[in-house]
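First comes the structure, then the notes that go with it.
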Amino acid sequence: SFTLHRGEILGFAGLVGAGRTETMRLVCGADPMDAGVIRVNGREVKIRSPKDAVRYGIGYLSEDRKRYGLCLNVTDNTVLPSLEQLFRGPFVNDGKADRHAQDYVEKIRTKTPNTRARVGSLSGGNQQKVVISKWLLRDCDVLIFDEPTRGIDVGAKSEIYKLMTQLAEEGKAIIMIS
């Protein structure tokens, strides 16, 4: 059992295989829950899928960003969890999507030639910033960072840690797995 509060960074540490990632995948609906209770803002909720978790304001940044956190280009990654905000009739408003992506490129200083650049061409630290951007745009209250600095350089690590601290200061609740 654990309790997470607004403005807090809660650390989950353990050896590989200890269940820390599996526990957080359960919280965000990626894995089924056999027993237990999840409460959001004191209210018991049923999270059966990642879509449910997102609806309750929970964003998950996977430890394997290339396999589970990234696709296509910077814009598509940034807006993916927020697509319903971007529809104009049956179509996605590409101009609005590009503006959102550009806003977050600037806010968290992602180094990319443009927002239509393929994420695979970016450094590990900038790929991680793209993953973070999608949950910031979605305005999740709870952010689960699973090994957020794995595979990135020292400068990018420092930026990610500063960003996490800033998000906590803004009232976001953060779980960091390491």
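In the structure tokens, chains take the letters A, B, ... in the order shown, each chain's residues start at 1, and ligands count up from 1 in the order shown.
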
Item to check | DSSP helix (DSSP H, G or I) residues within segment 24-152 of chain A, as a PyMOL selection string | outcome: chain A and resi 24-27+50-55+65-69+74-85+94-107+119-121+124-138

Item to check | All residues 7 Å or closer to Gly124 of chain A, only C-alpha atoms, same chain fewer than 3 positions away omitted, as number ranges by chain | outcome: A: 127-128, 151-152

Neighbours of Met176 of chain A within 12 Å (only C-alpha atoms; same-chain residues fewer than 6 positions away dropped), as a short mmCIF file (atom, residue, chain, number, x, y, z; two decimals) with N, CA and C atoms, in the first residue's frame?
```cif
data_model
loop_
_atom_site.label_atom_id
_atom_site.label_comp_id
_atom_site.auth_asym_id
_atom_site.auth_seq_id
_atom_site.Cartn_x
_atom_site.Cartn_y
_atom_site.Cartn_z
N LEU A 4 -0.04 8.73 -2.31
CA LEU A 4 0.66 9.77 -3.04
C LEU A 4 -0.13 11.07 -2.90
N GLU A 8 4.15 16.06 -4.52
CA GLU A 8 5.09 15.12 -3.93
C GLU A 8 5.73 14.25 -5.02
N ILE A 9 6.99 13.90 -4.81
CA ILE A 9 7.66 12.90 -5.63
C ILE A 9 7.88 11.70 -4.73
N LEU A 10 7.19 10.60 -5.06
CA LEU A 10 7.28 9.38 -4.28
C LEU A 10 8.18 8.40 -5.02
N GLY A 11 9.21 7.92 -4.38
CA GLY A 11 10.14 7.00 -5.02
C GLY A 11 9.77 5.55 -4.79
N PHE A 12 9.83 4.76 -5.85
CA PHE A 12 9.69 3.31 -5.79
C PHE A 12 11.01 2.75 -6.26
N ALA A 13 11.74 2.09 -5.36
CA ALA A 13 13.04 1.55 -5.72
C ALA A 13 13.06 0.05 -5.49
N GLY A 14 13.90 -0.62 -6.22
CA GLY A 14 14.04 -2.05 -6.04
C GLY A 14 14.83 -2.66 -7.18
N ARG A 20 8.17 -3.49 -9.08
CA ARG A 20 7.87 -2.04 -9.07
C ARG A 20 7.21 -1.60 -10.38
N THR A 21 7.74 -2.02 -11.52
CA THR A 21 7.13 -1.66 -12.80
C THR A 21 5.76 -2.31 -12.94
N MET A 24 3.09 -0.38 -11.10
CA MET A 24 2.68 0.86 -11.76
C MET A 24 1.92 0.60 -13.05
N TYR A 60 1.50 7.60 -17.63
CA TYR A 60 2.60 6.65 -17.39
C TYR A 60 3.68 6.81 -18.44
N LEU A 61 4.90 7.05 -17.99
CA LEU A 61 6.06 7.14 -18.87
C LEU A 61 6.85 5.85 -18.71
N SER A 62 6.76 5.00 -19.69
CA SER A 62 7.35 3.67 -19.64
C SER A 62 8.87 3.70 -19.53
N GLU A 63 9.42 2.66 -18.91
CA GLU A 63 10.87 2.54 -18.84
C GLU A 63 11.46 2.25 -20.21
N VAL A 142 -1.37 12.99 -11.99
CA VAL A 142 -0.44 11.98 -11.49
C VAL A 142 0.43 11.53 -12.65
N LEU A 143 1.74 11.62 -12.45
CA LEU A 143 2.69 11.19 -13.48
C LEU A 143 3.57 10.09 -12.91
N ILE A 144 3.61 8.98 -13.60
CA ILE A 144 4.44 7.85 -13.18
C ILE A 144 5.63 7.80 -14.12
N PHE A 145 6.81 8.08 -13.58
CA PHE A 145 8.06 8.06 -14.35
C PHE A 145 8.78 6.75 -14.03
N ASP A 146 8.82 5.83 -15.00
CA ASP A 146 9.50 4.55 -14.81
C ASP A 146 10.89 4.66 -15.41
N GLU A 147 11.90 4.70 -14.57
CA GLU A 147 13.31 4.84 -15.01
C GLU A 147 13.44 6.00 -15.99
N PRO A 148 13.10 7.22 -15.55
CA PRO A 148 13.02 8.34 -16.50
C PRO A 148 14.36 8.77 -17.10
N THR A 149 15.47 8.40 -16.49
CA THR A 149 16.76 8.85 -17.02
C THR A 149 17.60 7.72 -17.59
N ILE A 160 15.73 16.53 -16.76
CA ILE A 160 14.55 15.73 -16.41
C ILE A 160 14.25 15.85 -14.92
N TYR A 161 15.29 15.76 -14.08
CA TYR A 161 15.09 15.88 -12.63
C TYR A 161 14.57 17.27 -12.26
N MET A 164 10.91 17.38 -13.19
CA MET A 164 10.09 16.65 -12.22
C MET A 164 9.88 17.49 -10.96
N THR A 165 10.94 18.14 -10.50
CA THR A 165 10.83 19.00 -9.31
C THR A 165 9.87 20.15 -9.57
N ALA A 168 6.28 18.94 -9.52
CA ALA A 168 5.83 18.72 -8.15
C ALA A 168 5.51 20.06 -7.48
#
```

Using 9 Å as the limit and counting only C-alpha atoms, can you tabulate each residue of segment 30-75 of chain A that touches segment 79-82 of chain A, with its shortest atom-to-atom distance in Å and the two atoms involved, as JSON lines?
```
{"residue": "A:Lys51", "atom": "CA", "partner": "A:Pro81", "partner_atom": "CA", "distance": 8.7}
{"residue": "A:Val54", "atom": "CA", "partner": "A:Pro81", "partner_atom": "CA", "distance": 7.9}
{"residue": "A:Val74", "atom": "CA", "partner": "A:Val79", "partner_atom": "CA", "distance": 8.8}
{"residue": "A:Thr75", "atom": "CA", "partner": "A:Val79", "partner_atom": "CA", "distance": 6.3}
```

Item to check | Nearest residue to Lys157 of chain A from the set A:Asn126, A:Asn41, A:Ser133, A:Thr23 (distances using only C-alpha atoms) | outcome: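 Closest candidate: A:Asn126.
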
Next on the checklist: Residues within 9 Å of Arg116 of chain A, please, as a VMD selection string. Count only C-alpha atoms; anything in the same chain fewer than 3 positions from it doesn't count.
Outcome noted: chain A and resid 72 to 76 98 112 to 113 119
